[in-house]
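Enquirer: Encoded as structure tokens, here's the structure I'll be asking about.
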Amino acid sequence: MTTERTDLEALQRHMHTAVKGLAPVHVVAAALGVDAKRLAIYHRMIRHHVVAALQTRLGATTALLGAGEETPAWERLLAAYLADCPPSHWALGHAAGAFPGFLAERVEAGDATGFHVALAELEWALYTVNRDATRLPPHHRAYVEGAPLALNPTLQILEWPYPVAAFLAAFNRGEGPAVPTAPGDPELVLVFRRPASGNPYFHAATPALLFALKMVHDGLTVADAAAASGQPAEAVQAALADAVQQGLVLALA
């Protein structure tokens, strides 16, 4: 049993070396006594798996880094990612999960910028929100004064010193937006799954939406929120109605 376990562990180490590209496939094949062409299939399969996950889940980020054109810089980055962050989850999309953190570690070396990191974090948040198993109300209800309200349980609030939401929206529309070259004012982005469609969505936070979220979080009535903020009740109700319409706040009855 001990010998069999040792042999299996050695085989696994060799396979990891091959699929991660830590040594040439023909060298590993020789050590294992197998056909190099057949072993190369596994190396290509893992690489294709990771590239597909990155370009599917982090399409805007990887496009900016040269994935579509297969630039030398992208190939070096991909090789480093495969070596440093091999996939470990059964779900295919999760192979991209470590990429935002990986990019953050490459900023100082000049392989990525803070904006690339922020964009990757937003795109990954959209994926995780989409995968969130939380059940939302099956029917979207409009805001009615006095109805019980709750925050959308899939909501994530993220902050970056870049206009990430506007960039990704423009990129998704095919507009080819300019890439920010330096950080600026902080931006809050709301990422959530819309109850009406079940699809992930992102929205740059506005003062009115943040006000509505805090009001619902704190359990304030319209009258209390109006008194605390100095706004007329109509403005408070309008903020709540918009938050419900967006799907950030759920009208439960």
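FYI, nothing fancy with the structure tokens labels: chains A, B, ... in order, residues from 1 per chain, ligands from 1 as they appear.
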Set the distance at 6 Å and use only C-alpha atoms: which residues neighbour region 141-157 of chain A once local chain neighbours fewer than 5 positions away are removed? I'd like the list as a PyMOL selection string.

Expert: chain A and resi 189-192+241+248-253

Enquirer: Mind writing the picked residues with N, CA and C atoms as a PDB file, in the first residue's frame?

Expert:
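Done, and the output landed in selection_9.pdb:
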ATOM      1  N   VAL A 189     -19.759  50.923  -6.576  1.00  0.00           N
ATOM      2  CA  VAL A 189     -20.510  50.191  -7.593  1.00  0.00           C
ATOM      3  C   VAL A 189     -21.368  49.142  -6.895  1.00  0.00           C
ATOM      4  N   LEU A 190     -22.622  49.086  -7.286  1.00  0.00           N
ATOM      5  CA  LEU A 190     -23.580  48.139  -6.727  1.00  0.00           C
ATOM      6  C   LEU A 190     -23.704  46.965  -7.698  1.00  0.00           C
ATOM      7  N   VAL A 191     -23.445  45.770  -7.211  1.00  0.00           N
ATOM      8  CA  VAL A 191     -23.521  44.561  -8.034  1.00  0.00           C
ATOM      9  C   VAL A 191     -24.561  43.646  -7.403  1.00  0.00           C
ATOM     10  N   PHE A 192     -25.518  43.194  -8.211  1.00  0.00           N
ATOM     11  CA  PHE A 192     -26.612  42.394  -7.650  1.00  0.00           C
ATOM     12  C   PHE A 192     -27.312  41.626  -8.759  1.00  0.00           C
ATOM     13  N   ALA A 241     -38.738  54.147  -4.525  1.00  0.00           N
ATOM     14  CA  ALA A 241     -39.359  53.599  -5.735  1.00  0.00           C
ATOM     15  C   ALA A 241     -38.299  53.247  -6.775  1.00  0.00           C
ATOM     16  N   LEU A 248     -32.614  46.729  -6.311  1.00  0.00           N
ATOM     17  CA  LEU A 248     -31.731  46.803  -5.155  1.00  0.00           C
ATOM     18  C   LEU A 248     -32.478  46.573  -3.856  1.00  0.00           C
ATOM     19  N   VAL A 249     -33.720  47.027  -3.826  1.00  0.00           N
ATOM     20  CA  VAL A 249     -34.598  46.843  -2.669  1.00  0.00           C
ATOM     21  C   VAL A 249     -35.786  46.009  -3.131  1.00  0.00           C
ATOM     22  N   LEU A 250     -36.186  45.074  -2.295  1.00  0.00           N
ATOM     23  CA  LEU A 250     -37.295  44.185  -2.631  1.00  0.00           C
ATOM     24  C   LEU A 250     -38.547  44.610  -1.872  1.00  0.00           C
ATOM     25  N   ALA A 251     -39.630  44.813  -2.609  1.00  0.00           N
ATOM     26  CA  ALA A 251     -40.938  45.058  -1.998  1.00  0.00           C
ATOM     27  C   ALA A 251     -41.570  43.699  -1.737  1.00  0.00           C
ATOM     28  N   LEU A 252     -41.790  43.384  -0.470  1.00  0.00           N
ATOM     29  CA  LEU A 252     -42.191  42.024  -0.102  1.00  0.00           C
ATOM     30  C   LEU A 252     -43.689  41.797  -0.118  1.00  0.00           C
ATOM     31  N   ALA A 253     -44.466  42.858  -0.271  1.00  0.00           N
ATOM     32  CA  ALA A 253     -45.932  42.667  -0.301  1.00  0.00           C
ATOM     33  C   ALA A 253     -46.547  43.819  -1.079  1.00  0.00           C
TER      34      ALA A 253
END

Enquirer: Neighbours of region 196-207 of chain A within 10 Å (only C-alpha atoms; same-chain residues fewer than 2 positions away dropped), as an MDAnalysis selection string?

Expert: chainID A and resid 122:123 125:132 135:141 154:159 163:166 168:169 187:194 209:213 239 245:248

Enquirer: If you run DSSP over the backbone, which residues in region 39-202 of chain A end up alpha helix (DSSP H)? Put them as an NGL selection string.

Expert: :A and (39-57 or 59-64 or 72-84 or 99-106 or 114-131 or 164-172)

Enquirer: Near region 218-222 of chain A, within 7 Å and counting only C-alpha atoms, which residues show up once chain neighbours fewer than 6 positions away are dropped, as a list in words?

Expert: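 Close residues of region 218-222 of chain A: Ala233, Val236 and Gln237 of chain A.
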
Enquirer: My list of candidates is A:Leu78, A:Met215, A:Ala238, A:Ala225. Which is closest to Ala96 (chain A) when distances are computed with only C-alpha atoms?

Expert: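 For Ala96 (chain A), the nearest of the given residues is A:Leu78.
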
Enquirer: Excluding same-chain residues fewer than 3 positions from region 60-73 of chain A, what lies within 9 Å of it counting only C-alpha atoms, as a PDB file with all heavy atoms, in the first residue's frame?

Expert:
ATOM      1  N   VAL A  51      -7.998  29.467 -20.173  1.00  0.00           N
ATOM      2  CA  VAL A  51      -8.196  30.591 -21.091  1.00  0.00           C
ATOM      3  C   VAL A  51      -9.674  30.828 -21.337  1.00  0.00           C
ATOM      4  O   VAL A  51     -10.145  31.977 -21.341  1.00  0.00           O
ATOM      5  CB  VAL A  51      -7.460  30.339 -22.426  1.00  0.00           C
ATOM      6  CG1 VAL A  51      -7.854  31.379 -23.465  1.00  0.00           C
ATOM      7  CG2 VAL A  51      -5.949  30.367 -22.206  1.00  0.00           C
ATOM      8  N   LEU A  54     -11.189  32.537 -18.290  1.00  0.00           N
ATOM      9  CA  LEU A  54     -10.777  33.937 -18.194  1.00  0.00           C
ATOM     10  C   LEU A  54     -11.512  34.808 -19.207  1.00  0.00           C
ATOM     11  O   LEU A  54     -12.033  35.878 -18.875  1.00  0.00           O
ATOM     12  CB  LEU A  54      -9.266  34.057 -18.413  1.00  0.00           C
ATOM     13  CG  LEU A  54      -8.365  33.528 -17.294  1.00  0.00           C
ATOM     14  CD1 LEU A  54      -6.924  33.505 -17.748  1.00  0.00           C
ATOM     15  CD2 LEU A  54      -8.515  34.362 -16.025  1.00  0.00           C
ATOM     16  N   GLN A  55     -11.562  34.361 -20.447  1.00  0.00           N
ATOM     17  CA  GLN A  55     -12.162  35.193 -21.485  1.00  0.00           C
ATOM     18  C   GLN A  55     -13.679  35.223 -21.393  1.00  0.00           C
ATOM     19  O   GLN A  55     -14.307  36.173 -21.860  1.00  0.00           O
ATOM     20  CB  GLN A  55     -11.718  34.703 -22.865  1.00  0.00           C
ATOM     21  CG  GLN A  55     -10.241  34.935 -23.111  1.00  0.00           C
ATOM     22  CD  GLN A  55      -9.815  34.593 -24.529  1.00  0.00           C
ATOM     23  OE1 GLN A  55      -9.699  33.428 -24.880  1.00  0.00           O
ATOM     24  NE2 GLN A  55      -9.596  35.608 -25.335  1.00  0.00           N
ATOM     25  N   ARG A  57     -15.471  34.838 -18.294  1.00  0.00           N
ATOM     26  CA  ARG A  57     -15.867  35.514 -17.050  1.00  0.00           C
ATOM     27  C   ARG A  57     -15.260  36.906 -16.909  1.00  0.00           C
ATOM     28  O   ARG A  57     -15.861  37.766 -16.266  1.00  0.00           O
ATOM     29  CB  ARG A  57     -15.469  34.659 -15.833  1.00  0.00           C
ATOM     30  CG  ARG A  57     -15.933  33.230 -15.882  1.00  0.00           C
ATOM     31  CD  ARG A  57     -17.420  33.127 -16.130  1.00  0.00           C
ATOM     32  NE  ARG A  57     -17.836  31.733 -16.295  1.00  0.00           N
ATOM     33  CZ  ARG A  57     -19.021  31.362 -16.773  1.00  0.00           C
ATOM     34  NH1 ARG A  57     -19.900  32.284 -17.137  1.00  0.00           N
ATOM     35  NH2 ARG A  57     -19.319  30.087 -16.904  1.00  0.00           N
ATOM     36  N   ARG A  76       2.846  35.747 -21.641  1.00  0.00           N
ATOM     37  CA  ARG A  76       3.671  35.672 -20.428  1.00  0.00           C
ATOM     38  C   ARG A  76       2.800  35.713 -19.185  1.00  0.00           C
ATOM     39  O   ARG A  76       3.036  34.978 -18.219  1.00  0.00           O
ATOM     40  CB  ARG A  76       4.686  36.825 -20.409  1.00  0.00           C
ATOM     41  CG  ARG A  76       5.823  36.693 -21.421  1.00  0.00           C
ATOM     42  CD  ARG A  76       6.945  37.672 -21.114  1.00  0.00           C
ATOM     43  NE  ARG A  76       6.481  39.061 -21.141  1.00  0.00           N
ATOM     44  CZ  ARG A  76       6.478  39.816 -22.239  1.00  0.00           C
ATOM     45  NH1 ARG A  76       6.898  39.304 -23.395  1.00  0.00           N
ATOM     46  NH2 ARG A  76       6.070  41.066 -22.195  1.00  0.00           N
ATOM     47  N   LEU A  77       1.797  36.580 -19.202  1.00  0.00           N
ATOM     48  CA  LEU A  77       0.904  36.692 -18.058  1.00  0.00           C
ATOM     49  C   LEU A  77       0.129  35.398 -17.846  1.00  0.00           C
ATOM     50  O   LEU A  77      -0.026  34.925 -16.711  1.00  0.00           O
ATOM     51  CB  LEU A  77      -0.063  37.865 -18.282  1.00  0.00           C
ATOM     52  CG  LEU A  77      -0.728  38.476 -17.053  1.00  0.00           C
ATOM     53  CD1 LEU A  77       0.315  39.061 -16.105  1.00  0.00           C
ATOM     54  CD2 LEU A  77      -1.713  39.561 -17.477  1.00  0.00           C
ATOM     55  N   LEU A  78      -0.353  34.822 -18.938  1.00  0.00           N
ATOM     56  CA  LEU A  78      -1.100  33.571 -18.847  1.00  0.00           C
ATOM     57  C   LEU A  78      -0.228  32.444 -18.305  1.00  0.00           C
ATOM     58  O   LEU A  78      -0.657  31.660 -17.449  1.00  0.00           O
ATOM     59  CB  LEU A  78      -1.661  33.203 -20.214  1.00  0.00           C
ATOM     60  CG  LEU A  78      -2.398  31.866 -20.312  1.00  0.00           C
ATOM     61  CD1 LEU A  78      -3.606  31.850 -19.384  1.00  0.00           C
ATOM     62  CD2 LEU A  78      -2.824  31.591 -21.746  1.00  0.00           C
ATOM     63  N   ASP A 111       2.996  44.568 -15.126  1.00  0.00           N
ATOM     64  CA  ASP A 111       2.233  43.667 -15.992  1.00  0.00           C
ATOM     65  C   ASP A 111       0.750  44.021 -16.023  1.00  0.00           C
ATOM     66  O   ASP A 111       0.012  43.525 -16.879  1.00  0.00           O
ATOM     67  CB  ASP A 111       2.381  42.218 -15.516  1.00  0.00           C
ATOM     68  CG  ASP A 111       3.818  41.727 -15.634  1.00  0.00           C
ATOM     69  OD1 ASP A 111       4.512  42.177 -16.569  1.00  0.00           O
ATOM     70  OD2 ASP A 111       4.246  40.913 -14.797  1.00  0.00           O
ATOM     71  N   ALA A 112       0.303  44.832 -15.084  1.00  0.00           N
ATOM     72  CA  ALA A 112      -1.100  45.244 -15.005  1.00  0.00           C
ATOM     73  C   ALA A 112      -1.152  46.571 -14.266  1.00  0.00           C
ATOM     74  O   ALA A 112      -0.167  47.003 -13.656  1.00  0.00           O
ATOM     75  CB  ALA A 112      -1.939  44.188 -14.277  1.00  0.00           C
ATOM     76  N   HIS A 116      -6.885  47.618 -14.240  1.00  0.00           N
ATOM     77  CA  HIS A 116      -7.095  46.227 -14.638  1.00  0.00           C
ATOM     78  C   HIS A 116      -7.607  45.403 -13.453  1.00  0.00           C
ATOM     79  O   HIS A 116      -8.512  44.578 -13.603  1.00  0.00           O
ATOM     80  CB  HIS A 116      -5.790  45.609 -15.148  1.00  0.00           C
ATOM     81  CG  HIS A 116      -5.327  46.162 -16.454  1.00  0.00           C
ATOM     82  ND1 HIS A 116      -4.039  46.583 -16.663  1.00  0.00           N
ATOM     83  CD2 HIS A 116      -5.982  46.370 -17.627  1.00  0.00           C
ATOM     84  CE1 HIS A 116      -3.907  47.010 -17.912  1.00  0.00           C
ATOM     85  NE2 HIS A 116      -5.071  46.901 -18.509  1.00  0.00           N
ATOM     86  N   VAL A 117      -7.016  45.634 -12.298  1.00  0.00           N
ATOM     87  CA  VAL A 117      -7.425  44.903 -11.097  1.00  0.00           C
ATOM     88  C   VAL A 117      -8.878  45.222 -10.756  1.00  0.00           C
ATOM     89  O   VAL A 117      -9.691  44.318 -10.494  1.00  0.00           O
ATOM     90  CB  VAL A 117      -6.513  45.245  -9.906  1.00  0.00           C
ATOM     91  CG1 VAL A 117      -7.000  44.548  -8.641  1.00  0.00           C
ATOM     92  CG2 VAL A 117      -5.069  44.849 -10.213  1.00  0.00           C
ATOM     93  N   LEU A 119     -11.270  46.358 -12.700  1.00  0.00           N
ATOM     94  CA  LEU A 119     -12.165  45.815 -13.721  1.00  0.00           C
ATOM     95  C   LEU A 119     -12.343  44.310 -13.547  1.00  0.00           C
ATOM     96  O   LEU A 119     -13.469  43.789 -13.654  1.00  0.00           O
ATOM     97  CB  LEU A 119     -11.605  46.131 -15.109  1.00  0.00           C
ATOM     98  CG  LEU A 119     -12.461  45.731 -16.316  1.00  0.00           C
ATOM     99  CD1 LEU A 119     -13.825  46.426 -16.276  1.00  0.00           C
ATOM    100  CD2 LEU A 119     -11.736  46.071 -17.620  1.00  0.00           C
ATOM    101  N   ALA A 120     -11.257  43.612 -13.255  1.00  0.00           N
ATOM    102  CA  ALA A 120     -11.348  42.172 -13.021  1.00  0.00           C
ATOM    103  C   ALA A 120     -12.206  41.875 -11.793  1.00  0.00           C
ATOM    104  O   ALA A 120     -12.999  40.918 -11.788  1.00  0.00           O
ATOM    105  CB  ALA A 120      -9.950  41.580 -12.849  1.00  0.00           C
ATOM    106  N   GLU A 123     -15.884  42.327 -12.829  1.00  0.00           N
ATOM    107  CA  GLU A 123     -16.371  41.229 -13.657  1.00  0.00           C
ATOM    108  C   GLU A 123     -16.525  39.941 -12.842  1.00  0.00           C
ATOM    109  O   GLU A 123     -17.480  39.182 -13.042  1.00  0.00           O
ATOM    110  CB  GLU A 123     -15.415  41.001 -14.835  1.00  0.00           C
ATOM    111  CG  GLU A 123     -15.443  42.131 -15.856  1.00  0.00           C
ATOM    112  CD  GLU A 123     -14.774  41.739 -17.152  1.00  0.00           C
ATOM    113  OE1 GLU A 123     -13.522  41.712 -17.191  1.00  0.00           O
ATOM    114  OE2 GLU A 123     -15.496  41.472 -18.126  1.00  0.00           O
ATOM    115  N   LEU A 168     -17.084  49.572 -18.110  1.00  0.00           N
ATOM    116  CA  LEU A 168     -17.581  48.245 -18.481  1.00  0.00           C
ATOM    117  C   LEU A 168     -18.887  48.350 -19.255  1.00  0.00           C
ATOM    118  O   LEU A 168     -19.104  47.595 -20.215  1.00  0.00           O
ATOM    119  CB  LEU A 168     -17.767  47.381 -17.237  1.00  0.00           C
ATOM    120  CG  LEU A 168     -18.188  45.928 -17.499  1.00  0.00           C
ATOM    121  CD1 LEU A 168     -17.190  45.235 -18.425  1.00  0.00           C
ATOM    122  CD2 LEU A 168     -18.313  45.153 -16.190  1.00  0.00           C
ATOM    123  N   PHE A 171     -17.896  49.356 -22.718  1.00  0.00           N
ATOM    124  CA  PHE A 171     -17.219  48.228 -23.373  1.00  0.00           C
ATOM    125  C   PHE A 171     -18.242  47.196 -23.843  1.00  0.00           C
ATOM    126  O   PHE A 171     -18.144  46.683 -24.965  1.00  0.00           O
ATOM    127  CB  PHE A 171     -16.228  47.580 -22.408  1.00  0.00           C
ATOM    128  CG  PHE A 171     -15.458  46.433 -22.994  1.00  0.00           C
ATOM    129  CD1 PHE A 171     -14.225  46.654 -23.594  1.00  0.00           C
ATOM    130  CD2 PHE A 171     -15.959  45.136 -22.943  1.00  0.00           C
ATOM    131  CE1 PHE A 171     -13.510  45.594 -24.148  1.00  0.00           C
ATOM    132  CE2 PHE A 171     -15.251  44.082 -23.496  1.00  0.00           C
ATOM    133  CZ  PHE A 171     -14.029  44.304 -24.103  1.00  0.00           C
ATOM    134  N   ASN A 172     -19.216  46.900 -22.994  1.00  0.00           N
ATOM    135  CA  ASN A 172     -20.234  45.916 -23.351  1.00  0.00           C
ATOM    136  C   ASN A 172     -21.106  46.383 -24.510  1.00  0.00           C
ATOM    137  O   ASN A 172     -21.694  45.559 -25.224  1.00  0.00           O
ATOM    138  CB  ASN A 172     -21.110  45.589 -22.136  1.00  0.00           C
ATOM    139  CG  ASN A 172     -20.365  44.783 -21.081  1.00  0.00           C
ATOM    140  OD1 ASN A 172     -19.344  44.156 -21.368  1.00  0.00           O
ATOM    141  ND2 ASN A 172     -20.865  44.801 -19.858  1.00  0.00           N
ATOM    142  N   VAL A 179      -9.164  53.811 -21.661  1.00  0.00           N
ATOM    143  CA  VAL A 179      -8.778  53.169 -20.399  1.00  0.00           C
ATOM    144  C   VAL A 179      -8.187  54.223 -19.463  1.00  0.00           C
ATOM    145  O   VAL A 179      -7.241  54.930 -19.848  1.00  0.00           O
ATOM    146  CB  VAL A 179      -7.740  52.064 -20.646  1.00  0.00           C
ATOM    147  CG1 VAL A 179      -7.308  51.429 -19.325  1.00  0.00           C
ATOM    148  CG2 VAL A 179      -8.312  51.009 -21.588  1.00  0.00           C
TER     149      VAL A 179
END

Enquirer: DSSP on the backbone: which residues in region 16-235 of chain A end up as strand (DSSP E or B)? Give the answer as a VMD selection string.

Expert: chain A and resid 149 to 151 156 to 160 187 to 193 200 to 204

Enquirer: Ranking A:Trp74, A:Phe115, A:Phe99, A:Trp160 by minimum distance to Leu58 (chain A) and counting only C-alpha atoms, which one comes first?

Expert: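 Smallest distance to Leu58 (chain A) is found for A:Phe99.
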